[in-house]
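This is entry.cif. It holds mmCIF, C-alpha atoms.
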data_structure
loop_
_atom_site.label_atom_id
_atom_site.label_comp_id
_atom_site.auth_asym_id
_atom_site.auth_seq_id
_atom_site.Cartn_x
_atom_site.Cartn_y
_atom_site.Cartn_z
CA MET A 1102 -2.48 -2.87 24.22
CA ARG A 1103 -4.43 0.38 24.10
CA GLU A 1104 -8.20 0.87 24.07
CA ALA A 1105 -8.01 2.28 20.53
CA VAL A 1106 -6.63 -1.03 19.23
CA VAL A 1107 -9.50 -3.01 20.80
CA GLU A 1108 -12.02 -0.46 19.50
CA ASN A 1109 -10.68 -0.50 15.92
CA GLU A 1110 -10.69 -4.30 15.82
CA PHE A 1111 -14.23 -4.37 17.20
CA VAL A 1112 -15.54 -1.89 14.61
CA LYS A 1113 -13.93 -3.88 11.77
CA ALA A 1114 -15.38 -7.15 13.06
CA VAL A 1115 -18.89 -5.69 13.38
CA ARG A 1116 -18.68 -4.30 9.84
CA ASN A 1117 -17.47 -7.68 8.51
CA ALA A 1118 -20.42 -9.39 10.23
CA GLY A 1119 -22.90 -7.05 8.50
CA GLY A 1120 -23.56 -4.55 11.26
CA VAL A 1121 -22.61 -1.02 12.19
CA ALA A 1122 -20.93 0.30 15.34
CA TYR A 1123 -21.64 4.00 15.68
CA LYS A 1124 -19.42 6.05 17.97
CA LEU A 1125 -21.52 7.58 20.74
CA THR A 1126 -20.71 11.08 21.87
CA SER A 1127 -22.87 13.38 23.93
CA GLN A 1128 -22.45 16.99 24.93
CA THR A 1129 -24.90 16.62 27.78
CA THR A 1130 -24.58 13.07 29.14
CA ASN A 1131 -21.32 11.64 30.43
CA GLY A 1132 -20.65 7.95 30.94
CA LEU A 1133 -22.41 6.58 27.86
CA PRO A 1134 -20.91 3.45 26.26
CA ASP A 1135 -18.44 3.97 23.40
CA ARG A 1136 -20.43 2.26 20.65
CA LEU A 1137 -24.03 1.74 19.58
CA VAL A 1138 -24.03 -1.56 17.67
CA LEU A 1139 -26.85 -2.30 15.23
CA PHE A 1140 -27.58 -5.52 13.34
CA PHE A 1141 -30.56 -6.51 11.24
CA PRO A 1142 -33.31 -7.05 12.32
CA ALA A 1143 -33.57 -4.40 15.05
CA LYS A 1144 -30.73 -5.72 17.21
CA THR A 1145 -29.43 -2.85 19.33
CA VAL A 1146 -26.56 -3.32 21.77
CA PHE A 1147 -24.40 -0.80 23.60
CA VAL A 1148 -20.70 -1.64 23.92
CA GLU A 1149 -18.06 -0.08 26.14
CA LEU A 1150 -14.50 -0.80 24.98
CA LYS A 1151 -11.60 -0.73 27.41
CA ALA A 1152 -7.87 -1.38 27.43
CA PRO A 1153 -7.10 -4.85 28.82
CA GLY A 1154 -7.69 -5.03 32.56
CA LYS A 1155 -9.36 -1.61 32.84
CA VAL A 1156 -12.79 -1.47 34.47
CA LEU A 1157 -15.86 0.74 34.09
CA ARG A 1158 -15.88 3.94 36.11
CA PRO A 1159 -18.80 4.33 38.57
CA LEU A 1160 -20.67 6.70 36.22
CA GLN A 1161 -20.25 4.22 33.35
CA ARG A 1162 -21.65 1.47 35.56
CA LYS A 1163 -24.59 3.72 36.39
CA ARG A 1164 -25.30 4.36 32.67
CA ARG A 1165 -24.99 0.62 32.02
CA TYR A 1166 -27.55 -0.03 34.76
CA GLN A 1167 -29.93 2.60 33.33
CA LEU A 1168 -29.70 1.19 29.80
CA GLN A 1169 -30.20 -2.36 31.02
CA LYS A 1170 -33.28 -1.28 33.00
CA LEU A 1171 -34.65 0.00 29.69
CA GLY A 1172 -34.07 -3.42 28.14
CA PHE A 1173 -30.86 -2.78 26.19
CA PRO A 1174 -27.92 -5.15 26.43
CA VAL A 1175 -24.68 -3.43 27.45
CA LEU A 1176 -21.36 -5.21 26.95
CA CYS A 1177 -17.86 -4.35 28.06
CA ILE A 1178 -15.03 -5.66 25.89
CA ASP A 1179 -11.43 -5.29 27.01
CA ARG A 1180 -9.64 -7.91 24.89
CA VAL A 1181 -9.54 -8.71 21.19
CA SER A 1182 -10.30 -12.34 22.05
CA GLN A 1183 -13.74 -11.25 23.39
CA ILE A 1184 -14.83 -9.65 20.11
CA ARG A 1185 -15.84 -12.74 18.12
CA PRO A 1186 -17.91 -14.32 20.96
CA ALA A 1187 -19.62 -10.96 21.58
CA ILE A 1188 -20.61 -10.54 17.93
CA GLN A 1189 -21.82 -14.14 17.74
CA ALA A 1190 -23.94 -13.58 20.87
CA ILE A 1191 -25.46 -10.45 19.29
CA LEU A 1192 -26.21 -12.30 16.05
CA ASP A 1193 -27.81 -15.23 17.93
CA TRP A 1194 -29.79 -12.99 20.30
CA ILE A 1195 -33.48 -12.38 19.64
CA PRO A 1196 -34.59 -8.88 20.75
CA GLY A 1197 -37.10 -9.06 23.57
CA GLU A 1198 -35.42 -12.10 25.09
CA PRO A 1199 -32.73 -11.88 27.78
CA PHE A 1200 -29.24 -11.33 26.42
CA PRO A 1201 -26.83 -14.17 27.26
CA GLU A 1202 -24.72 -13.54 30.35
CA GLY A 1203 -20.95 -13.90 30.61
CA ILE A 1204 -20.18 -12.21 27.29
CA GLY A 1205 -17.20 -9.83 27.32
CA ALA A 1206 -15.37 -8.54 30.36
CA LYS A 1207 -16.77 -9.04 33.85
CA VAL A 1208 -18.34 -5.83 35.13
CA PRO A 1209 -18.73 -5.28 38.89
CA GLU A 1210 -22.34 -4.65 39.81
CA LEU A 1211 -23.38 -1.12 40.61
CA ASP A 1212 -23.82 -0.45 44.31
CA VAL A 1213 -27.41 0.74 44.61
CA SER A 1214 -28.30 2.47 47.87
CA THR A 1215 -31.70 2.54 49.43
CA LEU A 1216 -32.93 6.08 49.91
CA ALA A 1217 -34.47 7.27 53.15
CA VAL A 1218 -38.16 7.79 53.77
CA ILE A 1219 -39.32 11.38 54.27
CA PRO A 1220 -41.57 11.47 57.36
CA GLY A 1221 -45.13 12.47 56.45
CA SER A 1222 -44.53 12.11 52.70
CA PRO A 1223 -47.10 10.08 50.72
CA GLU A 1224 -44.29 8.61 48.63
CA THR A 1225 -40.80 7.68 49.57
CA LEU A 1226 -37.59 8.53 47.80
CA ALA A 1227 -37.15 4.78 47.42
CA ASP A 1228 -40.07 4.86 44.92
CA PHE A 1229 -37.86 6.76 42.48
CA ASP A 1230 -35.50 4.79 40.25
CA ASP A 1231 -32.40 6.69 39.23
CA TYR A 1232 -33.13 7.61 35.62
CA GLY A 1233 -32.46 11.27 36.23
CA GLU A 1234 -35.92 12.12 37.55
CA THR A 1235 -36.30 15.01 39.89
CA LEU A 1236 -38.66 15.36 42.78
CA GLU A 1237 -40.54 18.17 41.07
CA PRO A 1238 -44.27 17.78 40.37
CA SER A 1239 -44.93 16.93 36.74
CA ALA A 1240 -48.67 17.59 36.40
CA PRO A 1241 -49.67 21.24 35.82
CA SER A 1242 -52.33 20.99 38.54
CA ASP A 1243 -49.59 20.10 41.04
CA LEU A 1244 -47.93 23.43 40.28
CA ALA A 1245 -50.94 25.48 41.47
CA GLY A 1246 -49.87 27.73 44.30
CA PHE A 1247 -46.30 28.20 43.13
CA LEU A 1248 -45.19 31.79 42.80
CA ASP A 1249 -45.20 33.40 39.37
CA LEU A 1250 -42.21 35.43 38.28
CA ASP A 1251 -43.94 38.63 39.32
CA GLY A 1252 -44.23 37.33 42.92
CA THR A 1253 -47.97 36.72 42.95
CA PHE A 1254 -49.59 33.37 43.49
CA ASN A 1255 -50.95 31.61 40.44
CA HIS A 1256 -54.46 30.46 41.37
CA THR A 1257 -55.74 28.84 38.20
CA SER A 1258 -59.19 27.43 37.94
CA GLU A 1259 -60.32 28.50 34.46
CA LYS A 1260 -59.77 25.96 31.72
CA LEU A 1261 -59.73 26.51 27.97
CA GLY A 1262 -62.56 24.67 26.27
CA SER A 1263 -62.78 20.94 26.84
CA ALA A 1264 -60.01 18.72 28.07
CA GLY A 1265 -59.41 17.63 24.48
CA GLU A 1266 -58.54 21.18 23.36
CA SER A 1267 -56.18 22.13 26.15
CA GLY A 1268 -55.29 18.72 27.50
CA GLY A 1269 -57.21 19.62 30.69
CA MET A 1270 -54.44 22.02 31.65
CA ALA A 1271 -55.28 24.92 33.90
CA VAL A 1272 -54.26 28.27 32.45
CA LYS A 1273 -54.14 31.86 33.66
CA LYS A 1274 -56.76 34.34 32.50
CA GLY A 1275 -55.72 36.17 29.39
CA VAL A 1276 -53.82 33.24 27.92
CA SER A 1277 -55.15 32.06 24.57
CA ALA A 1278 -55.01 28.55 23.13
CA ASP A 1279 -52.48 29.90 20.57
CA ASP A 1280 -50.05 30.65 23.40
CA LEU A 1281 -49.94 26.98 24.48
#
Starting from the file, give its structure as structure tokens.
Amino acid sequence: MREAVVENEFVKAVRNAGGVAYKLTSQTTNGLPDRLVLFFPAKTVFVELKAPGKVLRPLQRKRRYQLQKLGFPVLCIDRVSQIRPAIQAILDWIPGEPFPEGIGAKVPELDVSTLAVIPGSPETLADFDDYGETLEPSAPSDLAGFLDLDGTFNHTSEKLGSAGESGGMAVKKGVSADDL
């Protein structure tokens, strides 16, 4: 049996139960689950559909982990016989409570490595969870001292108005509030 057969049966069953199963596609993010399943009231579940016996690729397991860390249930269904129990579990589930385990196909856990400590660093790489963050500073004040495009250092100490007007962000001289 092909994945398309499992997927078509799943979409029909969700529709018959009163929900929708939107196809997820992304031009910028690979590995997302196949379907975003929505039921009233505010029940949101991601579902990856596979041909019988096929397993999630490592990137799909990573996306599953990321979505689960955000509180979303993520199911993998690889047989038509798993559809009805999965939909019943979604219907019985109350958002905010843990989703029942053992629904759908068994998914191997993602191997999560521990990242090394950088000597002399105030924070360790282990403090970062893998949601796609970078190690770049995020506060504008942390960027002071970086080179501007013209090759000069950007020493910014002048602020526009109060912190409420500019968000407390340091700006170069000659920049107006309209430019922000």
query = Using all atoms listed in the file, which residues sit within 12 Å of segment 1151-1162 of chain A once same-chain residues fewer than 2 positions away are excluded, as an MDAnalysis selection string?
reply = chainID A and resid 1102:1109 1111 1130:1136 1147:1149 1164:1169 1175:1184 1205:1213
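Reported to one decimal place, the separation of atom CA of Thr1129 of chain A from atom CA of Phe1141 of chain A is 29.0 Å.
The closest residue to Thr1145 of chain A, picked from A:Glu1202, A:Val1121, A:Arg1116, A:Gln1128 and counting only C-alpha atoms, is A:Val1121.
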ask   = atom CA of Leu1171 of chain A and atom CA of Ala1114 of chain A, how far apart in Å?
value = 26.4 Å
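Interatomic distance, atom CA of Leu1192 of chain A to atom CA of Ser1127 of chain A: 27.1 Å.
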task = Compute the distance from (-30.1, -3.6, 19.3) to each atom, counting only C-alpha atoms, keep the residues with any atom at most 10 Å away, and return them as a list in words; use the coordinates of the file.
result = Leu1137, Val1138, Leu1139, Phe1140, Phe1141, Pro1142, Ala1143, Lys1144, Thr1145, Val1146, Phe1147, Gly1172, Phe1173, Pro1174, Val1175, Ile1191, Trp1194, Ile1195, Pro1196 and Gly1197 of chain A
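Considering only C-alpha atoms, the residue among A:Pro1201, A:Asp1193, A:Lys1163, A:Leu1150 positioned nearest to Glu1110 of chain A is A:Leu1150.
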